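Novice: Sharing a structure here in structure tokens format.
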Amino acid sequence: MPYRRLPNTDLARIRALKASVSKGDVSDFRDLPLSLNTLSEARSFLRKFEAAQEHYMQCLDRQTKASRKHQACVKTARLYLSHFIQVLHMAVIRGEIKETHKKLYGLSMTDHTVPDLTNEASMAVWGKNVIEGEQKRTAQGGVPIYTPTIAKVKVHYELFLDSHERQKNLQAFTSDSLGKLAAMRSRADELILDIWNQLEEAYQGVTPNDARLNLCRDYGLIYYYRTGEQPAE
């Protein structure tokens with residue numbers, strides 16, 4: 001015998017509810033296999049659930065599109081920061097900048113490697129350190145680094161920070177909309193299950209079995225066949 005299974009995605013939930021509501025709306029109320037109260041509640045909930053799902057998808061789409069631009073900002077800022085630090089290290093090795101001045105940037109005097117810039121949090125910290133360190137050193141009479149200049153580093157660092165903040169806000173909006181959508185899923189499943197139970201009870205006396213199944217399918221009930229089972233021709 002075929003068995004039924006509740007939808008496991010939001011779109012599938014919407015399709016199931018929409019099928020029941022659409023079929024119920026065009027049926028004579030005297031022939032309805034569902035209670036009018038259930039149909040009315042399903043119709044109202046469907047509007048809210050569809051709106052919540054659409055809002056989530058819009059938030060996710062905005063976040064995804066912004067992410068591509070954001071990653072470009074991250075890549076450029078990381079490149080300038082890394083290049084500046086490498087030039088600074090080389091200037092220290094050549095004796096053009098005092099080794100002790102590296103402390104102004106928060107850098108180790110003996111380690112000439114570039115700090116970890118693989119994540120955005122570390123970029124935010126090291127960008128601030130590098131900009132402030134170069135300003136302090138030059139204020140003490142040190143010769144500025146020119147390839148790249150700290151001004152260029154600062155421009156791309158600030159673009160990165162602005163983009164980082166926007167991306168965090170977009171992620172928060174997406175997370176909030178997903179949370180609201182997720183909170184509605186249990187009610188969607190309850191409504192679908194109630195509708196399906198009412199359908200099968202209303203049509204339990206219909207024969208043959210395929211005719212009963214088809215009447216239920218008209219209202220969105222989905223049946224699955226087990227391995228080896230075949231629907232009747």
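Every chain in the structure tokens takes a letter, A first, then B, and so on in the order presented; its residues are numbered from 1, and the ligands are numbered from 1 following the presented order.
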Report as JSON, numbers by chain all protein, DNA and RNA residues lying within 9 Å of segment 79-90 of chain A, evaluated on only C-alpha atoms, omitting residues in the same chain fewer than 6 positions from it.

Specialist: {"A": [96, 97, 99, 102, 111, 112, 113, 114, 115, 117, 123, 126, 127, 130, 145, 146, 147, 148, 149, 150, 152, 153, 156, 157]}

Novice: Within 9 Å of Gln71 of chain A, counting only C-alpha atoms, which residues show up once you throw out same-chain ones fewer than 5 positions away? Write them as JSON, numbers by chain, please.

Specialist: {"A": [66, 76, 160, 163]}

Novice: Work out how far atom CA of Asn169 of chain A is from atom CA of Arg62 of chain A, in Å to one decimal.

Specialist: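 Going from atom CA of Arg62 of chain A over to atom CA of Asn169 of chain A, I get 11.0 Å.
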
Novice: Just give me the gap between atom CA of Tyr225 of chain A and atom CA of Lys18 of chain A in Å, one decimal is fine.

Specialist: 23.2 Å

Novice: Rounded to one decimal place, report the atom CA of Lys48 of chain A-atom CA of Thr9 of chain A distance in Å.

Specialist: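 Taking atom CA of Lys48 of chain A and atom CA of Thr9 of chain A, their separation equals 16.2 Å.
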
Novice: Excluding Asp189 of chain A and any residue of its chain fewer than 2 positions from it, enumerate the residues within 12 Å of it, using only C-alpha atoms, and give them as a short mmCIF file (atom, residue, chain, number, x, y, z; two decimals) with C-alpha atoms, in the first residue's frame.

Specialist:
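Result file is out-v8.cif:
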data_model
loop_
_atom_site.label_atom_id
_atom_site.label_comp_id
_atom_site.auth_asym_id
_atom_site.auth_seq_id
_atom_site.Cartn_x
_atom_site.Cartn_y
_atom_site.Cartn_z
CA ARG A 5 4.76 11.58 4.15
CA LEU A 6 4.59 15.18 5.33
CA PRO A 7 6.50 17.74 3.22
CA ASN A 8 10.05 18.40 4.39
CA THR A 9 10.72 21.73 2.66
CA ASP A 10 8.97 25.07 2.89
CA ALA A 12 6.58 21.62 -0.48
CA ARG A 13 4.56 22.77 2.53
CA ILE A 14 3.29 25.74 0.53
CA ALA A 16 0.44 21.12 -0.13
CA LEU A 17 -1.49 23.92 1.57
CA ALA A 42 -5.36 27.05 6.13
CA PHE A 45 -1.99 30.70 7.41
CA LEU A 46 -0.92 30.10 3.81
CA PHE A 49 3.61 31.48 5.45
CA ALA A 182 11.19 28.26 10.96
CA ALA A 183 8.86 29.12 13.85
CA MET A 184 5.88 28.67 11.50
CA ARG A 185 6.84 25.24 10.20
CA SER A 186 5.37 23.21 13.04
CA ARG A 187 2.00 24.91 12.57
CA LEU A 191 -2.47 22.01 9.46
CA ILE A 192 -1.35 19.73 6.65
CA LEU A 193 -1.67 16.65 8.85
CA ASP A 194 -5.14 17.73 10.00
CA ILE A 195 -6.25 18.31 6.40
CA TRP A 196 -4.90 14.95 5.26
#

Novice: When you count only C-alpha atoms, which of these residues is closest to Tyr3 of chain A: A:Ala51, A:Arg226, A:Leu104, A:Thr138?

Specialist: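 Of all the options, A:Arg226 lies closest to Tyr3 of chain A.
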